[in-house]
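These notes are about the structure you will find just below.
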Amino acid sequence: MSTSTSVHPSTVGDTLWLAGRHLRLMSRRPASIVGALVLPLIFTLLFYAVFRIPMERLGIDYAQYLLPAVVIQAMFFSAMSASVWAAEDAAGGMVNRLRSMPVARSAPVLSLLVGELVRSLISIVVLLLAGYGLGFRFENGVLTAALFFLLALSFGAATSLLYLAIGYAIAKADTAQSVGGLLYYPLLLLSNCFVPTSAYPDWLEPVVEQQPVTRVADGLRALSTAGTAGATSTVLIAFAWCAALVMVGGYAGSRAFGRIR
């Protein structure tokens, strides 16, 4: 009499196991550490040194203004890293290997997302420690500070899912990184992340004001800085943008992952 043991996929268990693999591989790549910790710190110090005095002349505390911007930038760095990992898994046969194993179908995508969110969280903590040295403070209490983290990670999840879709669809790491940059630079530069919306030409201000990066930056500032006008609606709009982008990114990522051959 023979017995057989069947292994049933577990979405949570498989996701955590693969996320651990992703984090181990990430720790062995110096570029991942640079992207997570060093580059955001460099940008923080550079922007603060260049724009602090002009912004103070406008009555803006630039430490309070800047930190949400560099947190958003760090989320983009993690997302672009996710696209490279996804492209490498698609091109190197890892995806097909996982499909031949009793692994939950969604686990490969979710594991990359979890791994990048862990890296994003570390980036946020490091940036906030640096920001405290420059004068940044959470002025609205502990609850809003927790919501700050939640909004930042929600934006990180949204951008990572979108970039995972790019990586799986292109399946070439260098190309995926280049395409990711084509999305990152316009969205970041045509936003109020580093300068106020009023600094742009009149015809461009409506675009800058309504695009998602600006909306999330406004939400993070409303959560961290006391006395922000319309703070509740600003934060709700930011979370709504993140939810919409998560749905779009999740759908696009699952479609791109399903088409890998």
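Residues in the structure tokens are named by chain (A, B, ... in the order shown) and by number from 1 within that chain; ligands are numbered from 1 in the order shown.
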What are the closest atom pairs, with distances in Å to one decimal, for all residues of range 168-252 of chain A lying within 10 Å of range 151-164 of chain A? Consider only C-alpha atoms, order rows by chain and residue number, and present the result as CSV.
```
residue,atom,partner,partner_atom,distance
A:Tyr168,CA,A:Leu164,CA,6.1
A:Ala169,CA,A:Leu164,CA,8.4
A:Ile170,CA,A:Leu164,CA,9.9
A:Ala176,CA,A:Tyr163,CA,8.4
A:Gln177,CA,A:Tyr163,CA,9.2
A:Val179,CA,A:Tyr163,CA,9.3
A:Gly180,CA,A:Tyr163,CA,6.8
A:Leu183,CA,A:Tyr163,CA,9.6
A:Tyr184,CA,A:Thr159,CA,9.7
A:Pro212,CA,A:Phe155,CA,9.5
A:Val213,CA,A:Phe155,CA,8.9
A:Val216,CA,A:Phe155,CA,7.6
A:Ala217,CA,A:Ala152,CA,9.1
A:Gly219,CA,A:Leu151,CA,7.9
A:Leu220,CA,A:Leu151,CA,7.2
A:Leu223,CA,A:Leu151,CA,9.4
A:Val235,CA,A:Leu151,CA,8.5
A:Leu236,CA,A:Leu151,CA,9.9
A:Ala238,CA,A:Leu151,CA,7.7
A:Phe239,CA,A:Leu151,CA,6.5
A:Trp241,CA,A:Phe155,CA,8.5
A:Cys242,CA,A:Phe155,CA,5.4
A:Ala243,CA,A:Ala158,CA,7.5
A:Ala244,CA,A:Ala158,CA,8.3
A:Leu245,CA,A:Ala158,CA,5.3
A:Val246,CA,A:Ala158,CA,4.3
A:Met247,CA,A:Ala158,CA,8.0
A:Val248,CA,A:Leu162,CA,7.5
A:Gly249,CA,A:Leu162,CA,4.3
A:Gly250,CA,A:Leu161,CA,5.8
A:Tyr251,CA,A:Leu161,CA,8.8
A:Ala252,CA,A:Leu162,CA,7.0
```
Long-range neighbours of Ala63 in chain A as a ChimeraX atom specification, 9 Å cut-off, only C-alpha atoms, 4 positions minimum in chain: /A:48,52,67,131-132,134-137
Residue contacts of Gly258 in chain A (12 Å, only C-alpha atoms) excluding same-chain residues fewer than 5 positions away, as a VMD selection string: chain A and resid 90 95 to 96 99 105 to 106 108 to 109 165 168 to 169 251 to 253
How about saving the chosen residues, all heavy atoms kept, as a compact mmCIF listing (two decimals), in the first residue's frame?
```
# COMPACT_ATOMS: atom_id res chain seq x y z
N ALA A 90 11.81 37.06 -15.15
CA ALA A 90 11.13 36.65 -16.38
C ALA A 90 12.12 36.15 -17.42
O ALA A 90 11.87 35.14 -18.10
CB ALA A 90 10.34 37.83 -16.95
N VAL A 95 10.48 32.50 -13.32
CA VAL A 95 9.02 32.48 -13.32
C VAL A 95 8.51 31.11 -13.76
O VAL A 95 7.63 30.51 -13.13
CB VAL A 95 8.46 33.58 -14.24
CG1 VAL A 95 6.96 33.41 -14.42
CG2 VAL A 95 8.77 34.95 -13.65
N ASN A 96 9.07 30.59 -14.86
CA ASN A 96 8.64 29.28 -15.35
C ASN A 96 8.97 28.17 -14.36
O ASN A 96 8.22 27.20 -14.22
CB ASN A 96 9.28 28.99 -16.70
CG ASN A 96 8.70 29.85 -17.80
OD1 ASN A 96 7.52 30.20 -17.77
ND2 ASN A 96 9.52 30.20 -18.78
N ARG A 99 6.38 28.20 -11.70
CA ARG A 99 5.11 27.68 -12.20
C ARG A 99 5.07 26.15 -12.18
O ARG A 99 3.99 25.55 -12.10
CB ARG A 99 4.87 28.17 -13.63
CG ARG A 99 4.39 29.62 -13.70
CD ARG A 99 4.28 30.06 -15.13
NE ARG A 99 3.73 31.41 -15.24
CZ ARG A 99 3.77 32.14 -16.33
NH1 ARG A 99 4.37 31.65 -17.43
NH2 ARG A 99 3.25 33.35 -16.35
N ARG A 105 -0.03 30.97 -7.35
CA ARG A 105 0.20 31.71 -8.59
C ARG A 105 0.55 33.18 -8.34
O ARG A 105 1.38 33.75 -9.04
CB ARG A 105 -1.04 31.62 -9.49
CG ARG A 105 -0.87 32.32 -10.83
CD ARG A 105 -2.06 32.06 -11.73
NE ARG A 105 -1.95 32.79 -12.97
CZ ARG A 105 -1.22 32.43 -14.01
NH1 ARG A 105 -0.52 31.30 -13.95
NH2 ARG A 105 -1.18 33.15 -15.12
N SER A 106 -0.06 33.77 -7.34
CA SER A 106 0.18 35.19 -7.07
C SER A 106 1.43 35.44 -6.24
O SER A 106 1.88 36.60 -6.12
CB SER A 106 -1.03 35.80 -6.36
OG SER A 106 -1.26 35.14 -5.12
N PRO A 108 4.78 34.89 -6.59
CA PRO A 108 5.97 35.55 -7.14
C PRO A 108 5.83 37.06 -7.23
O PRO A 108 6.77 37.81 -6.92
CB PRO A 108 6.12 34.91 -8.52
CG PRO A 108 5.49 33.57 -8.38
CD PRO A 108 4.33 33.79 -7.47
N VAL A 109 4.65 37.53 -7.66
CA VAL A 109 4.43 38.97 -7.77
C VAL A 109 4.36 39.60 -6.38
O VAL A 109 5.01 40.61 -6.10
CB VAL A 109 3.14 39.28 -8.56
CG1 VAL A 109 2.91 40.77 -8.64
CG2 VAL A 109 3.21 38.67 -9.95
N ALA A 165 4.81 45.40 -13.42
CA ALA A 165 4.18 45.13 -14.71
C ALA A 165 5.12 45.45 -15.85
O ALA A 165 5.22 44.70 -16.84
CB ALA A 165 2.88 45.94 -14.84
N TYR A 168 7.94 42.65 -15.94
CA TYR A 168 7.47 41.38 -16.47
C TYR A 168 7.15 41.48 -17.96
O TYR A 168 7.39 40.53 -18.72
CB TYR A 168 6.22 40.92 -15.72
CG TYR A 168 6.50 40.35 -14.35
CD1 TYR A 168 5.79 40.78 -13.23
CD2 TYR A 168 7.46 39.36 -14.16
CE1 TYR A 168 6.03 40.26 -11.97
CE2 TYR A 168 7.72 38.84 -12.91
CZ TYR A 168 7.00 39.28 -11.81
OH TYR A 168 7.25 38.76 -10.57
N ALA A 169 6.61 42.62 -18.39
CA ALA A 169 6.23 42.77 -19.79
C ALA A 169 7.46 42.88 -20.70
O ALA A 169 7.47 42.32 -21.81
CB ALA A 169 5.35 44.00 -19.97
N TYR A 251 -3.69 44.87 -11.62
CA TYR A 251 -4.25 44.26 -12.83
C TYR A 251 -3.18 44.13 -13.91
O TYR A 251 -3.02 43.06 -14.51
CB TYR A 251 -5.42 45.09 -13.34
CG TYR A 251 -5.98 44.60 -14.66
CD1 TYR A 251 -6.81 43.50 -14.71
CD2 TYR A 251 -5.67 45.25 -15.84
CE1 TYR A 251 -7.32 43.03 -15.92
CE2 TYR A 251 -6.16 44.80 -17.06
CZ TYR A 251 -6.99 43.69 -17.09
OH TYR A 251 -7.49 43.24 -18.29
N ALA A 252 -2.43 45.22 -14.13
CA ALA A 252 -1.40 45.18 -15.17
C ALA A 252 -0.30 44.18 -14.83
O ALA A 252 0.19 43.46 -15.71
CB ALA A 252 -0.80 46.58 -15.35
N GLY A 253 0.08 44.12 -13.55
CA GLY A 253 1.12 43.18 -13.15
C GLY A 253 0.70 41.73 -13.32
O GLY A 253 1.48 40.90 -13.80
```
Pairwise distance for CA of Gln211 in chain A and CA of Pro186 in chain A, rounded to one decimal in Å: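 Separation of CA of Gln211 in chain A and CA of Pro186 in chain A: 10.7 Å.
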Computed interatomic separation between CA of Leu143 in chain A and CA of Ala69 in chain A (Å): 20.5 Å
Distance criterion (only C-alpha atoms): nearest to Leu110 in chain A out of A:Thr228, A:Thr214, A:Thr11, A:Thr175: A:Thr11
Length of the CA of Ala31 in chain A to CA of Trp17 in chain A vector [Å]: 22.8 Å
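Each of A:Gly20, A:Gly13, A:Pro40, A:Gly93 was compared to Ser123 in chain A using only C-alpha atoms, and A:Pro40 turns out to be the nearest.
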Given only C-alpha atoms as the counted atoms, nearest of A:Val195, A:Leu112, A:Ala229, A:Leu190 to Trp85 in chain A: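 Nearest candidate to Trp85 in chain A out of A:Val195, A:Leu112, A:Ala229, A:Leu190: A:Leu112.
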Best match for closeness to Leu98 in chain A among A:Gln210, A:Thr15, A:Thr144, A:Ser198, counting only C-alpha atoms: A:Thr15
Val34 in chain A environment, 12 Å, only C-alpha atoms, sequence neighbours closer than 4 positions dropped, as a PyMOL selection string: chain A and resi 26-30+38-42+74+77-78+81+119+123
Output file for the selection above: C-alpha atoms, as a tab-separated table (two decimals), in the first residue's frame:
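Okay, out.tsv is ready:
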```tsv
chain	number	residue	atom	x	y	z
A	26	MET	CA	18.98	42.18	-2.41
A	27	SER	CA	21.39	42.23	0.53
A	28	ARG	CA	24.09	40.74	-1.71
A	29	ARG	CA	23.84	43.58	-4.24
A	30	PRO	CA	25.56	46.79	-3.17
A	38	VAL	CA	22.55	56.35	0.08
A	39	LEU	CA	20.87	57.99	-2.92
A	40	PRO	CA	17.82	59.29	-1.02
A	41	LEU	CA	20.13	60.78	1.62
A	42	ILE	CA	22.29	62.45	-1.04
A	74	ALA	CA	12.67	56.78	-2.42
A	77	PHE	CA	13.73	54.07	-6.43
A	78	SER	CA	12.29	50.92	-4.86
A	81	SER	CA	14.38	48.17	-8.48
A	119	ARG	CA	13.23	48.17	1.63
A	123	SER	CA	14.39	54.05	3.42
```
Among listed residues A:Thr44, A:Thr232, A:Asn140, A:Ser224, nearest Gln73 in chain A (using only C-alpha atoms):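 Counting only C-alpha atoms, the residue closest to Gln73 in chain A is A:Thr44.
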Using only C-alpha atoms: which of A:Ala222, A:Leu25, A:Ala107, A:Thr197 has the shortest distance to Leu147 in chain A: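 Going through A:Ala222, A:Leu25, A:Ala107, A:Thr197 one by one, the smallest distance to Leu147 in chain A is for A:Ala222.
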